[in-house]
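To start, the structure under review is shown below, and the notes come after it.
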Amino acid sequence: MNNLAITSSPHFRATQTTRVIMQDVLTALLPALLVSVWAFGLRALVMVATCVAACMLSEYLYRRLMGLDQTVTDLSAAVTGVLIAYNLPVGLPLWMAVIGSFTAIVIIKQLFGGLGKNFANPAIVARIVLLISFTSPMTVWLLPKNSVTPDVITGATPLGVLGSYEGSMALAAAELPTRMEMFIGNIGGSLGETSAVALLLGGIYLVARKVITPTTPLAFIGTVFVLSWILGADPVFQILAGGVMLGAIFMATDYVTTPTTELGKLVFGIGCGLLTVMIRLYGSYPEGVSFAILIMNIVTPHIDRLTGIKAFGGAPAK
C-alpha cells in the first residue's frame, strides 16, 4: 500500500493536449497555404505571418498586462491568426489585418476569459468586423497570377460575378471559372478559401487524427448542396465558391463555440448551411458563411441544452 500515489482527479490524462491539437490544425491548414502562395505569390505568406504574429503578440501582451499565466505557447493564437488571414483578401493593407487580429484575440477571446470561454469564433468575428469597418478594401480581390491573366490583377470572386448577374448562371457563364479551376483554387477570393482540394485534404487529416468528427462539415456542406438544388441554384458551384469549405471544415468545428454532442453538431451544421444559402440567395451580401457561423455560435448553448445527454440516474436538464 505504501507504493500507491494518491492524487486528485482526473486520474486518466489524455495525450491530446491543446498544443498537440493546434499543431494538427496548423498541419491541416498547410495545403491551403501552399496553394495560396502558388496562386497569389509571396504576399500570401506575408499576410499569414502578419496575422499570426499580431495574434500571438496580442495574447502575450494582454496576459502579461493582466498578470495572467501565459498561454501563447498552446498555439491557439497561431491557429486564429492563420484562419484570419485565410478569410482576408491577399491585398488587404497589413495594418487592417493587425486590427482584425487584435479584435479576435483581445476583445473576443481574452476579455471573455481566454481559450474555452469565448462565445464566438474569434476569426469569424474578426472577418465580420473588418468587412463592416473597411468594406471597400475587404471586397477588392486579386485574381491568381496563374490564371488566364498575365499578372495579378483585381477582379470579382465567382460569387461576386454571379451576384452581378442577379444569380443567373446562364448570363454569368462566360465570366465564371470552370469547376476544375474552383476545385484547384485558380480563382479570386480570400487567401485560404479558394482551393477546395487543399481544404479537403486538411479536413481528411483532421478526421484521421480524430481532432474533429465529420458530422458538422458533412451536415453543413450537404445542406448547402441540397437547399441550393431545391431553390434552383447550382449546388456544386455553391459549395466550391466562397468560404463553405473553409468554414465547414475549420471554423464550424471549433471546440469552444460549437455543440459538444454529435446530434448537436448535426443541428449546428444544418443551421449553418441553411443560413448560408438564405443569405447568399436572398440577402444583400453575396457570401453568408461568416454570418451563418456567428449566428449558430450564439445559439450553441441552447443547442447543447436541448441535445445534451442525461447522465444515468440524473435529473433532466433545466
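Lettering and numbering for the C-alpha cells are positional, with chains as A, B, ... in the shown order, residues counted from 1 in each chain, and ligands counted from 1 in the shown order.
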Rows by chain and residue number, stretch 37-71 of chain A within 12 Å of stretch 119-127 of chain A, shortest pair, only C-alpha atoms, as CSV:
residue,atom,partner,partner_atom,distance
A:Cys51,CA,A:Ala123,CA,10.5
A:Val52,CA,A:Ala123,CA,11.5
A:Cys55,CA,A:Ala123,CA,10.3
Point to revise | Close residues, A:Asp304 itself excluded, 10 Å, only C-alpha atoms, min 3 positions apart in chain, as a ChimeraX atom specification | key: /A:258-261,263-265,268,299-301,307-309
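Taking only C-alpha atoms into account, A:Gln238 lies nearest to A:Thr276 out of the set A:Thr253, A:Thr276, A:Thr216, A:Thr18.
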*asked:* So that I can check the secondary structure, give me every residue of stretch 9-156 of chain A assigned strand (DSSP E or B) by backbone DSSP, as a PyMOL selection string.
replied: chain A and resi 141-142+154-155
One residue among A:Val72, A:His302, A:Arg63, A:Ala53 is nearest to A:Leu94 when using only C-alpha atoms, and that residue is A:Ala53
- request: With a distance cut-off of 9 Å and only C-alpha atoms, select the neighbouring residues of A:Ile128, excluding the residue or stretch itself and same-chain residues fewer than 5 positions from it, and output the selection as an MDAnalysis selection string.
  value: chainID A and resid 123 133 290:291
Task: Test item: residues at most 12 Å from A:Leu34, only C-alpha atoms, excluding those fewer than 2 positions along its chain, as a PyMOL selection string - done: chain A and resi 27-32+36-42+44-45+48+86+184-185+191-192+194-195+197-199+202
So that I have them on file, write out the residues from the current selection with N, CA and C atoms, as a JSON list (two decimals), in the first residue's frame.
[["chain", "number", "residue", "atom", "x", "y", "z"],
["A", 27, "THR", "N", -1.11, 21.91, -39.25],
["A", 27, "THR", "CA", -0.67, 20.99, -40.31],
["A", 27, "THR", "C", -1.76, 20.84, -41.37],
["A", 28, "ALA", "N", -3.02, 20.74, -40.92],
["A", 28, "ALA", "CA", -4.13, 20.59, -41.86],
["A", 28, "ALA", "C", -4.33, 21.85, -42.70],
["A", 29, "LEU", "N", -3.95, 23.01, -42.18],
["A", 29, "LEU", "CA", -4.09, 24.26, -42.91],
["A", 29, "LEU", "C", -2.97, 24.49, -43.92],
["A", 30, "LEU", "N", -1.92, 23.69, -43.84],
["A", 30, "LEU", "CA", -0.75, 23.90, -44.69],
["A", 30, "LEU", "C", -1.03, 23.74, -46.18],
["A", 31, "PRO", "N", -1.81, 22.73, -46.64],
["A", 31, "PRO", "CA", -2.07, 22.63, -48.09],
["A", 31, "PRO", "C", -2.71, 23.89, -48.67],
["A", 32, "ALA", "N", -3.65, 24.47, -47.94],
["A", 32, "ALA", "CA", -4.29, 25.70, -48.43],
["A", 32, "ALA", "C", -3.29, 26.84, -48.51],
["A", 36, "SER", "N", -2.28, 28.94, -51.86],
["A", 36, "SER", "CA", -2.42, 30.40, -51.88],
["A", 36, "SER", "C", -1.12, 31.07, -52.34],
["A", 37, "VAL", "N", 0.02, 30.51, -51.92],
["A", 37, "VAL", "CA", 1.31, 31.05, -52.38],
["A", 37, "VAL", "C", 1.48, 30.81, -53.88],
["A", 38, "TRP", "N", 1.09, 29.63, -54.32],
["A", 38, "TRP", "CA", 1.14, 29.31, -55.76],
["A", 38, "TRP", "C", 0.24, 30.26, -56.56],
["A", 39, "ALA", "N", -0.92, 30.59, -56.01],
["A", 39, "ALA", "CA", -1.88, 31.41, -56.74],
["A", 39, "ALA", "C", -1.58, 32.90, -56.64],
["A", 40, "PHE", "N", -1.22, 33.38, -55.44],
["A", 40, "PHE", "CA", -1.10, 34.82, -55.22],
["A", 40, "PHE", "C", 0.32, 35.31, -54.97],
["A", 41, "GLY", "N", 1.27, 34.40, -54.86],
["A", 41, "GLY", "CA", 2.65, 34.81, -54.65],
["A", 41, "GLY", "C", 3.01, 34.95, -53.18],
["A", 42, "LEU", "N", 4.18, 35.51, -52.92],
["A", 42, "LEU", "CA", 4.71, 35.60, -51.55],
["A", 42, "LEU", "C", 3.90, 36.54, -50.67],
["A", 44, "ALA", "N", 0.95, 36.23, -49.97],
["A", 44, "ALA", "CA", 0.13, 35.36, -49.12],
["A", 44, "ALA", "C", 0.87, 34.98, -47.84],
["A", 45, "LEU", "N", 2.16, 34.66, -47.97],
["A", 45, "LEU", "CA", 2.96, 34.34, -46.78],
["A", 45, "LEU", "C", 3.09, 35.54, -45.86],
["A", 48, "VAL", "N", -0.20, 35.92, -43.89],
["A", 48, "VAL", "CA", -0.34, 34.91, -42.84],
["A", 48, "VAL", "C", 0.62, 35.20, -41.69],
["A", 86, "TYR", "N", -6.69, 33.59, -43.76],
["A", 86, "TYR", "CA", -7.39, 32.83, -44.79],
["A", 86, "TYR", "C", -8.73, 33.46, -45.16],
["A", 184, "ILE", "N", -9.39, 23.39, -57.77],
["A", 184, "ILE", "CA", -7.95, 23.51, -57.54],
["A", 184, "ILE", "C", -7.61, 24.77, -56.76],
["A", 185, "GLY", "N", -8.31, 25.88, -57.08],
["A", 185, "GLY", "CA", -8.04, 27.12, -56.39],
["A", 185, "GLY", "C", -7.49, 28.21, -57.28],
["A", 191, "LEU", "N", -7.76, 34.60, -49.20],
["A", 191, "LEU", "CA", -6.47, 33.92, -49.34],
["A", 191, "LEU", "C", -6.56, 32.40, -49.21],
["A", 192, "GLY", "N", -7.32, 31.91, -48.22],
["A", 192, "GLY", "CA", -7.30, 30.47, -47.94],
["A", 192, "GLY", "C", -8.55, 29.71, -48.29],
["A", 194, "THR", "N", -9.97, 29.49, -51.50],
["A", 194, "THR", "CA", -10.19, 29.27, -52.92],
["A", 194, "THR", "C", -10.03, 27.81, -53.36],
["A", 195, "SER", "N", -9.19, 27.05, -52.68],
["A", 195, "SER", "CA", -8.87, 25.69, -53.14],
["A", 195, "SER", "C", -9.65, 24.64, -52.36],
["A", 197, "VAL", "N", -9.75, 21.41, -52.96],
["A", 197, "VAL", "CA", -8.98, 20.18, -52.78],
["A", 197, "VAL", "C", -8.01, 20.31, -51.61],
["A", 198, "ALA", "N", -7.40, 21.49, -51.46],
["A", 198, "ALA", "CA", -6.47, 21.69, -50.34],
["A", 198, "ALA", "C", -7.21, 21.64, -49.00],
["A", 199, "LEU", "N", -8.39, 22.23, -48.96],
["A", 199, "LEU", "CA", -9.17, 22.22, -47.72],
["A", 199, "LEU", "C", -9.68, 20.82, -47.41],
["A", 202, "GLY", "N", -6.94, 18.84, -45.84],
["A", 202, "GLY", "CA", -6.81, 19.21, -44.44],
["A", 202, "GLY", "C", -7.90, 18.61, -43.59]]
Practice task
Check stretch 32-247 of chain A with DSSP on the backbone and list each residue it calls alpha helix (DSSP H), as a ChimeraX atom specification.
Solution key: /A:32-40,43-65,76-86,94-102,122-133,135-138,158-164,169-172,179-184,196-208,215-230,235-240,244-246
Min atom-atom distance to A:Gly271 from the set A:Ile303, A:Ile105, A:Ile230, A:Val256, counting only C-alpha atoms, belongs to A:Ile303
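Taking only C-alpha atoms into account, A:Gly242 lies nearest to A:Glu287 out of the set A:Glu262, A:Glu287, A:Asp24, A:Asp254.
Of the residues listed (A:Ala77, A:Ile249, A:Val82, A:Leu266), A:Ile249 shows the shortest atom-to-atom separation from A:Val211; distances use only C-alpha atoms.
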Next item on the list: Excluding A:Leu115 and residues on its chain fewer than 3 positions from it, collect all residues at most 8 Å away from it, counting only C-alpha atoms, and give them as a PyMOL selection string.
Entry: chain A and resi 76+109-110+118+256
note - atom CA of A:Gly189 and atom CA of A:Ile239 are separated by 13.9 Å
task = Find the residues near A:Trp229: any atom within 12 Å, counting only C-alpha atoms, skip ones fewer than 6 places away on the same chain, and give them as a VMD selection string.
result = chain A and resid 222 to 223 235 to 239 277 281
What would the file look like if the residues just selected were written as a short mmCIF file (atom, residue, chain, number, x, y, z; two decimals), in the first residue's frame with C-alpha atoms?
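Dumped everything to selection.cif:
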data_model
loop_
_atom_site.label_atom_id
_atom_site.label_comp_id
_atom_site.auth_asym_id
_atom_site.auth_seq_id
_atom_site.Cartn_x
_atom_site.Cartn_y
_atom_site.Cartn_z
CA GLY A 222 -24.72 18.66 -47.56
CA THR A 223 -27.32 21.25 -46.53
CA PRO A 235 -25.28 23.14 -55.86
CA VAL A 236 -21.72 22.30 -56.96
CA PHE A 237 -20.98 25.95 -57.65
CA GLN A 238 -22.37 26.99 -54.26
CA ILE A 239 -20.09 24.51 -52.48
CA VAL A 277 -27.85 29.65 -48.61
CA LEU A 281 -29.65 33.85 -52.43
#
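What separates atom CA of A:Thr71 from atom CA of A:Ser190 is a distance of 28.8 Å.
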